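Let me begin by presenting the structure, written as structure tokens, before commenting on it.
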Amino acid sequence: MNIEISSQKNYNELIVQIGSLLALGREKAAYSINTILVQTYWEIGRYIVEFEQNGNEKAEYGTQLFERLSRDLTTTYGKGFGRSNLLYMRKLYLTFPKSGTVSHKLTWSHYYEILKSDSELEISFYVKQTEKEKWSVRELKRQMKSMLFHRLALSTDKEGVLRLASNGHEVEQPEDLIKDSFVLEFLNIPEQHHYLESDLEEKLISNLQQFLLELGKGFAFIGRQYRMSIGGKHFKVDLLFYHRILKCFVLIDLKRGEIDHQDIGQMNLYLNYFKKEEATEGDNEPVGIILGAYKNHILVEYATESITNKILLAKYQLYLPNKTQLEKALNKIIEEE
């Protein structure tokens with residue numbers, strides 16, 4: 001039996017409404033399932049720890065107990081009880097002994113990755129940051145591999161490190177945009193390979209999603225080679241963004257080699273132009289970031305001394321950082337009185 005549809009528009013709206021309701025329902029169902037799963041694994045971890053304590057089984061930790069437990073649980077209940085999974089369930093409970101401190105916004109797969117760290121500060125940071133940024137497991141793994149916590153922490157002091165661990169990364173001022181240093185390993189440019197600044201820009205645009213992940217929350221891409229006409233001459237800034245949290249334009253210039261005083265002077269010119277010609281009511285003053293392979297600290301100090309515009313200089317590297325070196329540097333900050 002055919003049903004006459006009086007209005008195709010109304011019918012289409014009905015389809016959209018039903019689709020939205022289904023999507024919301026599925027999202028709530030997935031959230032509920034995840035909450036139950038994480039809570040269940042936390043309880044399993046508690047049972048294991050209590051068994052160890054009551055039965056003095058610590059000598060078997062990592063050997064007989066977990067191998068036997070994995071085998072018997074898998075035989076009885078099926079997949080999901082591998083030895084490593086059980087070890088991380090145990091660690092989940094030991095790390096968050098109060099169930100209320102376990103975030104149910106993260107999946108078990110998130111916790112599985114985060115708990116690979118042995119640092120309480122690092123674990124706390126990645127839990128908070130994953131919540132804030134809504135990272136997928138893949139994005140989380142990339143940020144941990146690139147040592148994001150360490151790179152952010154090295155730009156602050158001991159108090160800042162502790163705040164970073166407890167609250168995650170909070171962008172409140174332009175300086176918070178900088179990491180030490182930016183890691184662009186996703187461009188797959190060999191370290192010793194000769195490349196032009198235009199090549200670097202092209203690859204960043206081709207990998208814009210990953211570049212935005214590296215830049216951090218709040219960046220909205222506007223365009224590349226943004227043109228400015230100043231005094232009858234034409235200039236172009238490599239990359240232009242708008243930062244939703246700081247409410248300002250962010251100009252990024254790319255330098256293949258060392259950042260020098262001419263780069264700083266040029267960025268100062270761009271920022272003056274943006275303040276007068278591009279910013280609108282409600283915008284804060286623009287921020288300039290010069291991203292280079294390295295910088296001369298003494299030259300930079302003199303070149304930026306009398307500049308009132310916010311110009312930030314940052315390094316980038318084309319390979320993943322050395323974990324041992326970063327941990328050593330971070331421990332030095334934490335241990336300082």
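FYI, nothing fancy with the structure tokens labels: chains A, B, ... in order, residues from 1 per chain, ligands from 1 as they appear.
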Looking only at alpha helix (DSSP H) from DSSP on the backbone, list the matching residues of region 86-298 of chain A as a ChimeraX atom specification. /A:86-95,108-114,120-133,137-145,148-153,158-167,197-206,208-215,261-273,297-298
Check: If we count only C-alpha atoms, what is near region 25-39 of chain A at a cut-off of 9 Å, once residues fewer than 5 positions away on the same chain are taken out, given as a PyMOL selection string?
Finding: chain A and resi 20+44+99+102-108+111
Resulting file, chosen residues, N, CA, C and O atoms, as a PDB file, in the first residue's frame:
```pdb
ATOM      1  N   SER A  20      19.097  11.520  13.856  1.00  0.00           N
ATOM      2  CA  SER A  20      19.740  12.188  15.001  1.00  0.00           C
ATOM      3  C   SER A  20      19.435  11.453  16.300  1.00  0.00           C
ATOM      4  O   SER A  20      20.307  11.295  17.159  1.00  0.00           O
ATOM      5  N   ILE A  44      37.898  -6.004  38.833  1.00  0.00           N
ATOM      6  CA  ILE A  44      38.749  -7.186  38.658  1.00  0.00           C
ATOM      7  C   ILE A  44      40.144  -6.898  39.194  1.00  0.00           C
ATOM      8  O   ILE A  44      40.746  -7.735  39.881  1.00  0.00           O
ATOM      9  N   SER A  99      37.341   4.361  43.104  1.00  0.00           N
ATOM     10  CA  SER A  99      36.662   4.184  41.818  1.00  0.00           C
ATOM     11  C   SER A  99      36.128   5.488  41.256  1.00  0.00           C
ATOM     12  O   SER A  99      36.016   5.651  40.040  1.00  0.00           O
ATOM     13  N   VAL A 102      38.199   7.333  38.554  1.00  0.00           N
ATOM     14  CA  VAL A 102      38.349   6.757  37.215  1.00  0.00           C
ATOM     15  C   VAL A 102      37.422   7.498  36.253  1.00  0.00           C
ATOM     16  O   VAL A 102      36.223   7.581  36.490  1.00  0.00           O
ATOM     17  N   SER A 103      37.979   8.035  35.186  1.00  0.00           N
ATOM     18  CA  SER A 103      37.179   8.762  34.208  1.00  0.00           C
ATOM     19  C   SER A 103      36.466   7.788  33.282  1.00  0.00           C
ATOM     20  O   SER A 103      37.101   6.951  32.635  1.00  0.00           O
ATOM     21  N   HIS A 104      35.169   7.933  33.184  1.00  0.00           N
ATOM     22  CA  HIS A 104      34.401   7.070  32.291  1.00  0.00           C
ATOM     23  C   HIS A 104      34.231   7.695  30.910  1.00  0.00           C
ATOM     24  O   HIS A 104      33.496   7.178  30.083  1.00  0.00           O
ATOM     25  N   LYS A 105      34.925   8.823  30.696  1.00  0.00           N
ATOM     26  CA  LYS A 105      34.954   9.407  29.355  1.00  0.00           C
ATOM     27  C   LYS A 105      36.015   8.727  28.492  1.00  0.00           C
ATOM     28  O   LYS A 105      36.053   8.918  27.284  1.00  0.00           O
ATOM     29  N   LEU A 106      36.874   7.948  29.138  1.00  0.00           N
ATOM     30  CA  LEU A 106      37.921   7.211  28.437  1.00  0.00           C
ATOM     31  C   LEU A 106      37.523   5.755  28.318  1.00  0.00           C
ATOM     32  O   LEU A 106      36.907   5.189  29.223  1.00  0.00           O
ATOM     33  N   THR A 107      37.885   5.146  27.210  1.00  0.00           N
ATOM     34  CA  THR A 107      37.613   3.728  27.031  1.00  0.00           C
ATOM     35  C   THR A 107      38.732   2.912  27.677  1.00  0.00           C
ATOM     36  O   THR A 107      39.785   3.440  28.051  1.00  0.00           O
ATOM     37  N   TRP A 108      38.500   1.612  27.778  1.00  0.00           N
ATOM     38  CA  TRP A 108      39.541   0.738  28.301  1.00  0.00           C
ATOM     39  C   TRP A 108      40.776   0.793  27.407  1.00  0.00           C
ATOM     40  O   TRP A 108      41.900   0.739  27.879  1.00  0.00           O
ATOM     41  N   TYR A 111      42.861   3.659  28.531  1.00  0.00           N
ATOM     42  CA  TYR A 111      43.581   3.357  29.771  1.00  0.00           C
ATOM     43  C   TYR A 111      44.722   2.369  29.523  1.00  0.00           C
ATOM     44  O   TYR A 111      45.787   2.465  30.145  1.00  0.00           O
TER      45      TYR A 111
END
```
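Here the question is which of A:Gly45, A:Lys91, A:Leu73, A:Asn207 gets nearest to Tyr112 (chain A) using only C-alpha atoms, and that residue is A:Lys91.
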Restricting to only C-alpha atoms, whichever of A:Lys247, A:Arg256, A:His150, A:Lys310 is closest to Glu281 (chain A) is A:Lys247
Practice problem: Select, from A:Val161, A:Leu271, A:Val49, A:Ile15, the residue with the minimum atom-to-atom distance to Leu86 (chain A), counting only C-alpha atoms. | Solution: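 Nearest candidate to Leu86 (chain A) out of A:Val161, A:Leu271, A:Val49, A:Ile15: A:Val49.
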